[in-house]
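Comments concern the structure below.
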Amino acid sequence: MASVLRFAVTVVTTIFGLLLVTFFIGRVVPIDPVLAIVGDRAPAHLYERTRIELGLNLPLYQQFWIYTKQALSGDLGTSVLTSNPVLEDIKRVFPATMELATIGTLIGAILGIPLGVLAAVRRGSLADQIVRVIGLIGYSVPIFWLGLLALVLFYAQLRWAAFPGRVDVVYEYSFTPQTGFYLLDAAMQGQWEVVWDLFRHIALPGALLGYFSLAYISRMTRSFMLNELSQEYVVAARAKGLSEPRIIWFHALRNAAVPLVTVIALSYANLLEGSVLTETIFSWPGLGLYITNSLQNADMNAVLGGTLVIGAVFVGINIFSDLLYRTLDPRTRSR
Amino acid sequence: MLHSFKGRIRLLTTGAALAVMLAVAPQAFAITPKDTLVIGLAFDDIITLDPGQAFEFSAGEIGGNSYDRLVRLDIADTSKVKPDLAESWTVSDDGLTYTFKLKSGLKFASGNPITAEDVAYSFERSVKIDGPPAFILNQFGLKKDNITSKAVAKDANTFVLTVDQPYAPSFVLNCLTATVAAVVDKKLVSQHVTNDDYGNAWLKTNFAGSGPYKVREWRANEVIVLERNDNYWGEKPKLNRVIYRHMKESAAQRLALDNNDIDVARNLEPNDIDAVAKKGTTITSQPKGSVFYFSLNQKNPNLKKPEVVEAMKYLVDYDAIGATLIKGVGEIHQTFLPKGILGSIDDKPYKLDVAKAKELLAKAGLKDGFSVTMDVRNTQPTTGIAESIQQTFGQAGIKMEIIPGDGKQTLTKYRARTHDIYIGLWGVDYWDPNSNAETFTSNPNNADDGTTKTLAWRNAWDIPELTKETKTGFLERDSAKRAAIYANLQKKVLQSGPFVLVYQQTEVAGVGKGVKDFKLGPTFDTNYVFNVSKD
């Protein structure tokens, strides 16, 4: 019970901190949000009227109080750019980000875990070196740089990948989005041509995110596995005559899986958050691009809303992985 | 050693990635559909599509293609207007009453008939919404409290507009070509009114016009989709759809054009223009109603000195800027009225003359120069021009610091009059000489809380005499005399105004193979796409 309470307090303070920081950053940027609404050539009275409508004439703390109240009741304000409620916009763009991050994490986990295990088992071998270098590159190369290179190579030169974006203009209206995961939607409607087009669009950014996720996951898997493989139960298992694959995949990995869950969850959250750059490069109409565009247009409600949602999802994923952790590892429950 | 190892690994991973891609993707050359024109354009300036409120360049283009007005600018001779929804018009002898006869059998895209009632309603809503372009109508005495008696439907086909002074008819008609005077579908808009907003919120993203194309969808910073309006009264467009894709970068537009993912690239920078031209892309260009200038805030004691103002006009390397930085996207132009507008003169008395500038600075008591800042929007060619000016200023001892910022940032400072030097583009609000004259040479109240924030005001240029003179321009009914007034105003700014005009913008577009009859217009709302066809 106490732990649940402590947990709740942490979540609430985190969200509140997030609100506070994003709100004040939004207010100190040297951009006039009124200009974004009325345009450069608006007459003075119109400018003033809009400023008052936005509540920008009130003291900051009052503005913050109003914003917090509204945010808690699910009202993130209206986006200047799209004129929709921010929450509605986010509902529209967020699935695109999720789709991309999911593909990325899938690639990262499916390839990253075996690679990490391989590196740990054959510690010091060439295979290990390769995996470590892959990890190193993934850690140190900025994603926008690799993204641009990938575009130049696969789009401009080789023309394998499709034009940046999510779906070709030709297919823009040929299927009905339902879940917001276009690949799934188009497949369920039997639109295979569209599925192919969608795939050509998602392949490059998906692979790129997948690579960064893979780098992280393989490195962490390697270190967890090294730790497990030096445990006494492994020695005991070997003494019992269990086969090596069985020891590695069933015993050691089973135990390493516990912290790995956190790693994968964090990697997923990172991809959601890191989508800002990837989406900008690949014109992927997700939350990251939405925030970037809004920022450039001084659409502060949208920026705040987007940041808040990413923050909340981050917290949510952490809670989720924490709960999963408890399920997988009985020892943590009593703590 | 480690280096070469990393190199090998990188090769290996790239190779692996390549192999994967090879396995899954066959060669695919995207080509835009035959019945669709795809345009790459940076349209992040759009705030709304409501013609009663929109005042941004890209929104103007969409409005020009999708909404009709009583009259349109005659592209063949830009000092004239031609009929659009109106068949004919007369001006009363006292110059106060304009009577327009509508063409018969007109329909909106919705199928509703177009009547004088719709025209009157459109004027009423534009004035009452009171958005940024409302002043275009306000200047004729059309205000919120009198609009319903000044813009009247006499019968189904006759619309009567009454103005408050005997303005130059060319001035009034020129202003009616602006999208703020576009005609909207009263019946349709009335169904979407919330809180007496004249359907303003709804029309922001929806459509109620009668033009050659109708707007199917606008997703901010993503896409605008236009579809052929089968109810259009004139010649119908040949293409079913026009799609605008938001693309900010010139390089990205060039790539997409090369790969046939777009048909037309609209924001190409000089080096990209050269590159696509070499590959056989057609380049089309058109001088626009925008002039590029930098202005000197008269609140700064150094910049207030007349000698300094003049010296700075001699410290710009016009030739070099014209030959490199704005090649293809602009032409050197030193007066504030763009070529093509009534009364515009093309005097170019200034060229780079460091010695002369030094002499002037010495006269001003600034022999050793001084320090000053310039707020520069970080886009090309603005940054390049600012750097060129920084360098030529330096030759005369003026140390200029460039403060980079994004458009909204620099503008915020400019409007607060806290800049030293601002550099940027100014486009005419409507196609009439009064538009630029009113902002460059008029400043009714120079106080910090002055309500008319003209460019003269933004630079604290206090000019009661010029302000009066500017007023005489729009009341002169004789066109030749009218032109002379504006010529005189331009000469005065050229001589002593705190505005250093550098060039007039040329809009350029790269047009891909198979696209026919794509032409840019002199204004943004005359960038018509409805004549375009494809092979």
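The chains in the structure tokens are called A, B, ... from first to last as shown; in each chain the residues are counted from 1, and the ligands are counted from 1 in the order shown.
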query: Contacts of Ile319 (chain A) at 12 Å or less, counting only C-alpha atoms, minus same-chain residues fewer than 6 places along, as a count of residues only?
result: 14
- request: Enumerate the residues of region 143-294 of chain B with a DSSP assignment of strand (DSSP E or B), computed from the backbone, and present them as a PyMOL selection string.
  value: chain B and resi 151-155+158-162+213-219+223-228+241-246+264-265+282-294
- prompt: Do you know which residues are at most 8 Å from region 373-382 of chain B counting only C-alpha atoms, after dropping those on the same chain fewer than 2 positions away, and could you put them as a PyMOL selection string?
  reply: chain B and resi 269+325-326+371+384-386+400-407+410+419-424
Interface, chain B side, toward chain A (6 Å; only C-alpha atoms) as an MDAnalysis selection string: chainID B and resid 27 132 220 408:409 412 451
field: Pairwise distance for CA of Val119 (chain B) and CA of Leu520 (chain B), rounded to one decimal in Å
entry: 27.6 Å
- prompt: Which of region 124-192 of chain B counts as helix (DSSP H, G or I) under DSSP, as a PyMOL selection string please?
  reply: chain B and resi 124-129+132-138+147-150+169-176+179-181+186-190
- prompt: Leaving out region 46-50 of chain B and any residue of its chain fewer than 3 positions from it, which residues lie within 10 Å of it when counting only C-alpha atoms, given as number ranges by chain?
  reply: A: 36-39, 80-83, 297; B: 42-43, 53-60, 62-63, 126, 131, 179-180, 182, 184, 199-208, 215, 218, 220-221
Just the residues within 7 Å of Ala215 (chain A), please, counting only C-alpha atoms, with nothing from its chain fewer than 5 positions along; format it as a PDB file with N, CA and C atoms, in the first residue's frame.
```pdb
ATOM      1  N   GLY A 112      18.331  -7.298 -31.827  1.00  0.00           N
ATOM      2  CA  GLY A 112      19.250  -6.851 -30.784  1.00  0.00           C
ATOM      3  C   GLY A 112      19.499  -7.904 -29.711  1.00  0.00           C
ATOM      4  N   ILE A 134      28.810  -1.996 -33.552  1.00  0.00           N
ATOM      5  CA  ILE A 134      27.474  -1.587 -34.012  1.00  0.00           C
ATOM      6  C   ILE A 134      26.809  -0.737 -32.940  1.00  0.00           C
ATOM      7  N   GLY A 135      26.944  -1.229 -31.702  1.00  0.00           N
ATOM      8  CA  GLY A 135      26.363  -0.496 -30.579  1.00  0.00           C
ATOM      9  C   GLY A 135      26.977   0.885 -30.441  1.00  0.00           C
ATOM     10  N   GLY A 138      25.707   3.224 -33.086  1.00  0.00           N
ATOM     11  CA  GLY A 138      24.331   3.592 -32.782  1.00  0.00           C
ATOM     12  C   GLY A 138      24.249   4.597 -31.648  1.00  0.00           C
ATOM     13  N   TYR A 139      25.190   4.492 -30.719  1.00  0.00           N
ATOM     14  CA  TYR A 139      25.197   5.399 -29.581  1.00  0.00           C
ATOM     15  C   TYR A 139      25.702   6.774 -29.958  1.00  0.00           C
TER      16      TYR A 139
END
```
Selection: 12 Å around Glu279 (chain A), only C-alpha atoms, excl. self and same-chain fewer than 2 positions, as a ChimeraX atom specification: /A:93-94,96-101,143-144,147-148,164-166,201-202,204-206,208-209,271-277,281-293
field: Contact residues around Ala120 (chain B) with only C-alpha atoms at 8 Å, ignoring same-chain residues under 4 positions, as a list in words
entry: Ala116, Glu124, Thr148, Ala151, Val152, Ala153 and Phe159 of chain B
Let's have the selection written as a compact mmCIF listing (two decimals), in the first residue's frame, with N, CA and C atoms.
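Written out: out-v2.txt:
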```txt
# COMPACT_ATOMS: atom_id res chain seq x y z
N ALA B 116 -26.42 38.56 -56.06
CA ALA B 116 -25.87 39.78 -55.47
C ALA B 116 -25.96 39.72 -53.94
N GLU B 124 -20.04 42.03 -46.12
CA GLU B 124 -20.43 42.23 -44.73
C GLU B 124 -19.56 41.38 -43.79
N THR B 148 -23.80 47.09 -43.98
CA THR B 148 -25.01 46.54 -44.58
C THR B 148 -25.77 47.59 -45.40
N ALA B 151 -22.91 48.13 -48.78
CA ALA B 151 -22.75 47.04 -49.75
C ALA B 151 -24.10 46.34 -49.84
N VAL B 152 -24.81 46.59 -50.92
CA VAL B 152 -26.22 46.20 -50.99
C VAL B 152 -26.55 45.43 -52.27
N ALA B 153 -27.41 44.43 -52.12
CA ALA B 153 -27.93 43.73 -53.31
C ALA B 153 -29.19 44.46 -53.74
N PHE B 159 -25.32 44.46 -57.73
CA PHE B 159 -24.69 44.75 -56.45
C PHE B 159 -24.22 46.20 -56.45
```
